[in-house]
file data10.csv (CSV, C-alpha atoms)
chain,number,residue,atom,x,y,z
A,28,MET,CA,-24.2,11.2,9.4
A,29,LYS,CA,-20.7,11.6,10.9
A,30,PHE,CA,-18.0,9.0,10.7
A,31,ILE,CA,-17.0,7.1,13.7
A,32,SER,CA,-13.3,6.6,14.3
A,33,LEU,CA,-12.6,2.9,13.5
A,34,ALA,CA,-10.0,2.9,16.3
A,35,ILE,CA,-12.7,2.5,18.9
A,36,LEU,CA,-14.6,-0.3,17.2
A,37,PRO,CA,-14.0,-3.9,18.4
A,38,ALA,CA,-12.6,-6.5,16.1
A,39,LEU,CA,-15.9,-8.0,15.0
A,40,ALA,CA,-18.1,-4.9,15.3
A,41,ILE,CA,-21.1,-4.3,13.2
A,42,PRO,CA,-19.7,-2.8,10.0
A,43,LEU,CA,-19.6,0.9,9.6
A,44,LEU,CA,-21.9,1.7,6.6
A,45,LEU,CA,-20.7,4.6,4.5
A,46,PRO,CA,-23.5,6.5,2.7
A,47,SER,CA,-23.1,8.1,-0.7
A,48,ALA,CA,-23.1,11.6,1.0
A,49,ALA,CA,-19.8,10.8,2.5
A,50,LEU,CA,-18.0,10.8,-0.9
A,51,ALA,CA,-15.1,13.2,-1.3
A,52,GLY,CA,-16.8,14.5,-4.5
A,53,ASP,CA,-13.9,13.5,-6.7
A,54,GLY,CA,-14.3,9.7,-7.1
A,55,TRP,CA,-12.6,8.8,-3.8
A,56,GLU,CA,-14.5,6.8,-1.2
A,57,SER,CA,-14.1,7.5,2.5
A,58,ILE,CA,-13.0,4.7,4.9
A,59,GLY,CA,-13.0,7.0,7.9
A,60,THR,CA,-12.1,10.5,9.0
A,61,GLY,CA,-9.4,11.8,11.2
A,62,MET,CA,-5.7,11.2,11.7
A,63,THR,CA,-6.0,7.5,12.6
A,64,SER,CA,-8.1,6.5,9.5
A,65,GLY,CA,-5.7,6.7,6.7
A,66,ALA,CA,-4.7,3.9,4.3
A,67,SER,CA,-1.0,3.1,4.2
A,68,GLY,CA,-1.2,-0.4,2.6
A,69,VAL,CA,-3.8,-2.3,0.7
A,70,ALA,CA,-4.2,-5.8,-0.7
A,71,VAL,CA,-7.1,-7.7,-2.3
A,72,LEU,CA,-8.7,-10.4,-0.1
A,73,ALA,CA,-11.3,-11.6,-2.6
A,74,ARG,CA,-13.1,-10.4,-5.8
A,75,ASP,CA,-16.4,-11.5,-7.2
A,76,GLY,CA,-17.4,-9.4,-10.2
A,77,ASP,CA,-17.9,-5.8,-9.0
A,78,ARG,CA,-17.5,-6.8,-5.4
A,79,ILE,CA,-14.1,-6.5,-3.8
A,80,ASP,CA,-13.0,-7.2,-0.3
A,81,ALA,CA,-9.7,-5.6,0.6
A,82,LEU,CA,-7.3,-5.6,3.6
A,83,VAL,CA,-6.3,-2.0,4.4
A,84,LEU,CA,-3.4,-1.3,6.8
A,85,ARG,CA,-2.9,1.9,8.8
A,86,ASP,CA,0.3,3.6,9.9
A,87,ASN,CA,-0.9,4.3,13.5
A,88,LYS,CA,1.7,4.2,16.3
A,89,LYS,CA,-0.1,4.5,19.6
A,90,SER,CA,-1.6,1.8,21.8
A,91,GLY,CA,-5.4,1.4,21.2
A,92,GLU,CA,-5.2,2.8,17.6
A,93,ASN,CA,-6.5,0.6,14.8
A,94,ARG,CA,-3.9,-1.1,12.6
A,95,ALA,CA,-6.1,-2.8,10.0
A,96,VAL,CA,-9.6,-2.9,8.5
A,97,GLN,CA,-11.4,-5.0,6.0
A,98,VAL,CA,-13.2,-3.0,3.4
A,99,ARG,CA,-15.9,-4.0,1.0
A,100,LEU,CA,-16.4,-2.1,-2.3
A,101,GLU,CA,-19.4,-2.8,-4.5
A,102,HIS,CA,-19.4,-1.2,-8.0
A,103,GLY,CA,-16.6,1.0,-6.8
A,104,LYS,CA,-18.4,2.2,-3.7
A,105,VAL,CA,-17.4,1.5,-0.2
A,106,SER,CA,-20.3,-0.3,1.5
A,107,LYS,CA,-18.7,-1.8,4.7
A,108,VAL,CA,-15.7,-1.2,6.9
A,109,TYR,CA,-14.8,-3.8,9.6
A,110,SER,CA,-12.2,-3.1,12.2
A,111,ILE,CA,-9.6,-5.9,12.5
A,112,ASP,CA,-7.9,-6.6,15.8
A,113,TRP,CA,-4.1,-7.1,15.7
A,114,PRO,CA,-3.2,-9.9,18.2
A,115,GLY,CA,-0.5,-9.3,20.8
A,116,GLU,CA,1.7,-6.2,20.7
A,117,PRO,CA,0.6,-4.0,17.8
A,118,PRO,CA,3.1,-3.0,15.1
A,119,VAL,CA,4.2,0.6,14.8
A,120,ASP,CA,3.8,2.6,11.5
A,121,LEU,CA,2.7,-0.1,9.0
A,122,GLU,CA,3.3,1.1,5.5
A,123,ALA,CA,2.7,-1.7,3.1
A,124,ALA,CA,0.6,-4.8,2.5
A,125,GLU,CA,1.2,-7.4,-0.2
A,126,GLY,CA,-0.6,-10.7,-0.9
A,127,VAL,CA,1.6,-13.9,-0.8
A,128,PRO,CA,1.5,-15.5,-4.3
A,129,GLY,CA,-0.4,-18.8,-4.2
A,130,LYS,CA,-1.5,-18.4,-0.5
A,131,ALA,CA,-5.1,-17.1,-0.3
A,132,GLY,CA,-5.6,-14.9,2.8
A,133,GLU,CA,-1.9,-14.6,3.5
A,134,PHE,CA,0.0,-11.3,3.3
A,135,ILE,CA,3.3,-9.6,4.1
A,136,ALA,CA,3.0,-6.3,6.0
A,137,LEU,CA,6.0,-4.0,6.3
A,138,ALA,CA,6.6,-1.2,8.8
A,139,SER,CA,8.6,2.0,8.1
A,140,ASP,CA,11.6,0.7,10.1
A,141,GLY,CA,11.8,-2.5,8.0
A,142,LYS,CA,10.1,-4.8,10.4
A,143,GLY,CA,7.9,-7.2,8.5
A,144,PHE,CA,5.1,-9.6,9.4
A,145,HIS,CA,3.7,-12.7,7.7
A,146,ILE,CA,0.0,-12.5,8.5
A,147,LYS,CA,-3.1,-14.5,7.7
A,148,LEU,CA,-6.7,-13.1,7.7
A,149,LYS,CA,-9.7,-15.4,7.8
A,150,ASP,CA,-13.2,-14.5,8.9
A,151,ARG,CA,-12.0,-11.0,9.9
A,152,ARG,CA,-9.5,-12.6,12.4
A,153,LEU,CA,-5.9,-11.8,11.9
A,154,LYS,CA,-3.1,-14.2,12.9
A,155,VAL,CA,0.6,-13.3,12.8
A,156,LEU,CA,2.5,-16.3,11.3
A,157,GLY,CA,6.0,-14.8,11.7
A,158,ALA,CA,8.1,-11.7,11.7
A,159,PHE,CA,11.3,-10.6,10.1
A,160,GLN,CA,13.6,-7.6,9.5
A,161,ALA,CA,14.3,-6.3,6.0
A,162,PRO,CA,18.0,-6.2,5.1
A,163,GLU,CA,19.9,-3.2,6.4
A,164,GLY,CA,20.1,-0.3,4.0
A,165,ASP,CA,20.9,3.4,4.5
A,166,PRO,CA,20.5,4.7,8.1
A,167,ASP,CA,18.1,7.3,6.9
A,168,ASP,CA,15.8,4.8,5.2
A,169,ASN,CA,12.1,5.1,5.9
A,170,TYR,CA,10.2,2.3,4.1
A,171,GLU,CA,6.9,3.0,2.3
A,172,GLY,CA,6.3,0.1,-0.1
A,173,PHE,CA,6.6,-3.7,-0.5
A,174,ALA,CA,5.7,-6.0,-3.4
A,175,LEU,CA,6.2,-9.6,-4.4
A,176,LYS,CA,6.5,-11.2,-7.8
A,177,LYS,CA,7.5,-14.7,-9.1
A,178,VAL,CA,9.8,-14.6,-12.1
A,179,ASN,CA,10.8,-17.9,-13.6
A,180,ASP,CA,9.7,-19.7,-10.4
A,181,ARG,CA,11.8,-17.4,-8.2
A,182,LEU,CA,10.0,-15.1,-5.7
A,183,PHE,CA,11.4,-11.6,-5.6
A,184,ALA,CA,10.6,-8.8,-3.2
A,185,ILE,CA,10.8,-5.1,-4.0
A,186,TRP,CA,10.7,-2.6,-1.1
A,187,ALA,CA,11.4,1.1,-1.1
A,188,ASP,CA,12.8,3.9,1.0
A,189,ARG,CA,10.6,6.9,0.3
A,190,GLY,CA,13.3,9.6,-0.1
A,191,GLN,CA,12.6,13.2,0.6
A,192,ASP,CA,13.0,16.2,-1.7
A,193,ALA,CA,16.6,16.3,-2.8
A,194,ARG,CA,17.2,12.8,-1.4
A,195,PRO,CA,16.0,10.3,-4.0
A,196,ALA,CA,14.1,7.2,-3.0
A,197,THR,CA,15.9,3.8,-3.0
A,198,LEU,CA,14.3,0.8,-4.6
A,199,TYR,CA,15.6,-2.5,-3.1
A,200,SER,CA,15.1,-5.9,-4.6
A,201,ALA,CA,16.1,-9.4,-3.6
A,202,GLU,CA,14.9,-13.0,-3.8
A,203,PHE,CA,12.6,-13.7,-0.8
A,204,SER,CA,11.6,-16.9,1.0
A,205,VAL,CA,8.1,-16.8,2.6
A,206,SER,CA,8.7,-20.0,4.5
A,207,LYS,CA,12.0,-18.7,6.0
A,208,LEU,CA,11.1,-15.0,6.0
A,209,SER,CA,14.5,-14.3,4.7
A,210,PHE,CA,16.2,-12.4,1.8
A,211,LYS,CA,19.1,-13.2,-0.4
A,212,LYS,CA,21.6,-10.4,-1.1
A,213,PRO,CA,19.7,-7.3,-2.1
A,214,LYS,CA,20.3,-5.0,-5.0
A,215,SER,CA,19.4,-1.3,-4.9
A,216,ILE,CA,18.9,1.6,-7.3
A,217,PRO,CA,18.0,5.3,-6.6
A,218,PHE,CA,14.8,6.6,-8.0
A,219,ARG,CA,13.4,10.1,-8.4
A,220,VAL,CA,10.1,11.4,-9.8
A,221,PRO,CA,9.8,14.6,-11.8
A,222,TYR,CA,6.4,15.4,-10.1
A,223,PRO,CA,5.4,16.3,-7.5
A,224,VAL,CA,8.2,18.8,-7.0
A,225,ALA,CA,7.7,20.1,-3.4
A,226,ASP,CA,7.7,18.3,-0.1
A,227,VAL,CA,8.0,15.1,-2.2
A,228,ARG,CA,8.3,11.5,-1.2
A,229,HIS,CA,9.6,10.0,-4.3
A,230,THR,CA,8.1,6.6,-3.4
A,231,SER,CA,5.0,6.0,-1.3
A,232,ASP,CA,4.2,2.5,-2.5
A,233,VAL,CA,5.3,-0.1,-5.1
A,234,GLU,CA,3.5,-2.7,-7.2
A,235,ILE,CA,4.6,-5.2,-9.8
A,236,THR,CA,2.4,-6.2,-12.8
A,237,ALA,CA,2.1,-9.6,-14.4
A,238,ASP,CA,4.5,-8.5,-17.1
A,239,ASP,CA,7.1,-7.5,-14.4
A,240,ARG,CA,6.6,-3.7,-14.8
A,241,VAL,CA,7.4,-1.8,-11.6
A,242,LEU,CA,4.8,0.7,-10.6
A,243,VAL,CA,5.6,3.5,-8.1
A,244,SER,CA,3.4,6.1,-6.4
A,245,ALA,CA,4.8,9.3,-5.2
A,246,ALA,CA,3.3,12.0,-3.0
A,247,SER,CA,3.7,15.6,-1.8
A,248,ASP,CA,3.2,15.9,1.9
A,249,PRO,CA,3.7,19.4,3.4
A,250,GLY,CA,2.0,18.5,6.7
A,251,ASP,CA,-1.1,17.2,8.4
A,252,GLU,CA,-3.4,19.7,6.7
A,253,GLY,CA,-1.9,19.3,3.2
A,254,PRO,CA,-2.5,20.3,0.5
A,255,PHE,CA,-1.5,16.9,-0.8
A,256,ASP,CA,-0.7,15.7,-4.3
A,257,SER,CA,0.2,12.4,-5.8
A,258,ALA,CA,1.3,10.8,-9.1
A,259,VAL,CA,1.7,7.2,-10.2
A,260,TYR,CA,4.4,6.0,-12.6
A,261,ASP,CA,5.5,3.0,-14.6
A,262,ALA,CA,9.1,3.2,-13.4
A,263,GLY,CA,10.8,0.2,-15.1
A,264,VAL,CA,11.0,-3.5,-15.1
A,265,LEU,CA,12.0,-6.3,-12.7
A,266,ARG,CA,14.6,-8.4,-14.4
A,267,SER,CA,14.8,-12.2,-14.2
A,268,ASP,CA,17.9,-11.8,-11.9
A,269,GLY,CA,15.9,-9.7,-9.4
A,270,SER,CA,17.5,-6.4,-10.4
A,271,ILE,CA,15.4,-3.4,-11.4
A,272,ALA,CA,15.9,-1.7,-14.8
A,273,LEU,CA,14.6,1.8,-14.6
A,274,SER,CA,13.2,3.6,-17.6
A,275,PRO,CA,15.2,6.7,-18.6
A,276,VAL,CA,12.0,8.7,-17.9
A,277,PRO,CA,9.3,7.1,-15.8
A,278,ALA,CA,5.9,7.0,-17.6
A,279,LYS,CA,3.2,8.8,-15.7
A,280,ILE,CA,0.0,6.7,-15.2
A,281,GLY,CA,-2.0,9.5,-13.6
A,282,ASP,CA,-2.1,12.6,-11.4
A,283,PHE,CA,-4.2,12.6,-8.3
A,284,PRO,CA,-4.4,16.1,-6.8
A,285,GLY,CA,-5.6,16.7,-3.3
A,286,HIS,CA,-4.8,13.3,-2.0
A,287,LYS,CA,-1.7,11.5,-0.6
A,288,ILE,CA,-1.6,8.0,-2.1
A,289,GLU,CA,0.2,5.6,0.2
A,290,ALA,CA,-1.2,2.3,-1.0
A,291,MET,CA,-2.0,0.6,-4.3
A,292,THR,CA,-2.6,-2.9,-5.7
A,293,CYS,CA,-3.5,-4.3,-9.1
A,294,LEU,CA,-7.1,-5.6,-9.4
A,295,SER,CA,-6.4,-8.1,-12.3
A,296,ARG,CA,-3.5,-10.0,-13.8
A,297,SER,CA,-3.2,-7.4,-16.6
A,298,CYS,CA,-3.3,-4.6,-13.9
A,299,GLY,CA,-5.6,-2.6,-16.2
A,300,SER,CA,-7.1,-1.1,-13.1
A,301,LEU,CA,-5.7,-0.5,-9.6
A,302,LEU,CA,-7.1,0.1,-6.2
A,303,TYR,CA,-5.5,3.2,-4.6
A,304,GLY,CA,-5.6,4.1,-0.9
A,305,THR,CA,-4.8,7.5,0.6
A,306,ASP,CA,-3.6,8.7,4.0
A,307,ASP,CA,-4.9,12.3,3.9
A,308,GLU,CA,-3.9,12.8,7.6
A,309,ALA,CA,-6.5,15.0,9.3
A,310,ALA,CA,-8.9,14.4,6.4
A,311,GLY,CA,-8.8,10.7,6.9
A,312,GLY,CA,-8.4,7.8,4.4
A,313,ARG,CA,-10.0,7.1,1.0
A,314,LEU,CA,-10.0,4.4,-1.6
A,315,ARG,CA,-10.5,4.6,-5.3
A,316,ILE,CA,-10.5,2.3,-8.3
A,317,SER,CA,-8.9,3.8,-11.3
A,318,THR,CA,-7.8,2.5,-14.7
A,319,ARG,CA,-4.2,3.0,-15.7
A,320,ASN,CA,-5.1,5.2,-18.6
A,321,ASP,CA,-7.7,7.3,-16.7
A,322,PRO,CA,-5.8,9.9,-14.7
A,323,GLU,CA,-8.0,12.0,-12.4
A,324,ASP,CA,-7.1,15.3,-14.1
A,325,GLN,CA,-8.4,14.3,-17.5
call {"tool": "encode", "arguments": {"input": "data10.csv", "output": "structure tokens"}}
result
Amino acid sequence: MKFISLAILPALAIPLLLPSAALAGDGWESIGTGMTSGASGVAVLARDGDRIDALVLRDNKKSGENRAVQVRLEHGKVSKVYSIDWPGEPPVDLEAAEGVPGKAGEFIALASDGKGFHIKLKDRRLKVLGAFQAPEGDPDDNYEGFALKKVNDRLFAIWADRGQDARPATLYSAEFSVSKLSFKKPKSIPFRVPYPVADVRHTSDVEITADDRVLVSAASDPGDEGPFDSAVYDAGVLRSDGSIALSPVPAKIGDFPGHKIEAMTCLSRSCGSLLYGTDDEAAGGRLRISTRNDPEDQ
């Protein structure tokens, strides 16, 4: 059975069923093949035991290409993928998805140019509640991640320029208002990973744990055909004033060879396990649930 490009499916189409034969063979579950099927952002919609419904964003740029899907995983296996229609003018190059704390079904989506969207998803129908622009950073910034965390009743955002090879990533942080879709004055800090070492994007997504640890994924991307490589790190901590204190050496959570992780989200308050998403370009997109102490290469 071949996969059908989700870009051609209507918003409320019959779900694409993914058989076990479609597995990548390394624990990753396919959510579609081809250049337009990658995962660039992921957030949990609902969880009931071993069943997880997730919103997955895609970094497509052309008219008619799919921007979002709803994915169901059961016991770690992808069972259904529904295409989600984006109302109005579709965004270009979405790179991050983050749930709004305390607002079920509401999310922040961020594009690579810093344009953000407050969206709501209900019954596989997406509504755009508002739009904003991230604070101006470096002219070369290309954003790849966005995360939200309440600290002492203040909501902070972390977003990241990905960096490239000799140019480090930049982690930005600021207090954020969902109702006003506005930021207070941001703080920034450069960040570099020790691995991967070639064609490296030092940040491909960010996440914040319940105990305010800042997790960062990084990826090697030599081109549409790969080979790709990714690593995930505990990079430091979000302080109560909204600044980020980086660890002297980021602690590696895991290596994920052969895949370009561009999306991740915690699956529990303790963040003992995470849901990862890849944009493997010509090879499509995949999801995987992995524990923080269970790297792929062990």
call {"tool": "closest_residue", "arguments": {"input": "data10.csv", "among": "A:Leu148, A:Lys287, A:Ala246, A:Glu133", "to": "Ser206 of chain A", "atoms": "only C-alpha atoms"}}
result
A:Glu133
call {"tool": "closest_residue", "arguments": {"input": "data10.csv", "among": "A:Ser300, A:Thr236, A:Ser270, A:Ser257", "to": "Ala201 of chain A", "atoms": "all atoms listed in the file"}}
result
A:Ser270
call {"tool": "closest_residue", "arguments": {"input": "data10.csv", "among": "A:Ser317, A:Ser200, A:Ser297, A:Thr60", "to": "Asp268 of chain A", "atoms": "all atoms listed in the file"}}
result
A:Ser200
call {"tool": "closest_residue", "arguments": {"input": "data10.csv", "among": "A:Gly54, A:Gly141, A:Pro223, A:Pro213", "to": "Gly103 of chain A", "atoms": "all atoms listed in the file"}}
result
A:Gly54
call {"tool": "closest_residue", "arguments": {"input": "data10.csv", "among": "A:Tyr199, A:Phe159, A:Phe183, A:Phe144", "to": "Pro128 of chain A", "atoms": "all atoms listed in the file"}}
result
A:Phe183
call {"tool": "closest_residue", "arguments": {"input": "data10.csv", "among": "A:Ile280, A:Met291, A:Ala225, A:Val233", "to": "Gly172 of chain A", "atoms": "only C-alpha atoms"}}
result
A:Val233
call {"tool": "atom_distance", "arguments": {"input": "data10.csv", "atom1": "atom CA of Asp167 of chain A", "atom2": "atom CA of Ala245 of chain A"}}
result
18.1 Å
call {"tool": "atom_distance", "arguments": {"input": "data10.csv", "atom1": "atom CA of Tyr109 of chain A", "atom2": "atom CA of Glu289 of chain A"}}
result
20.0 Å
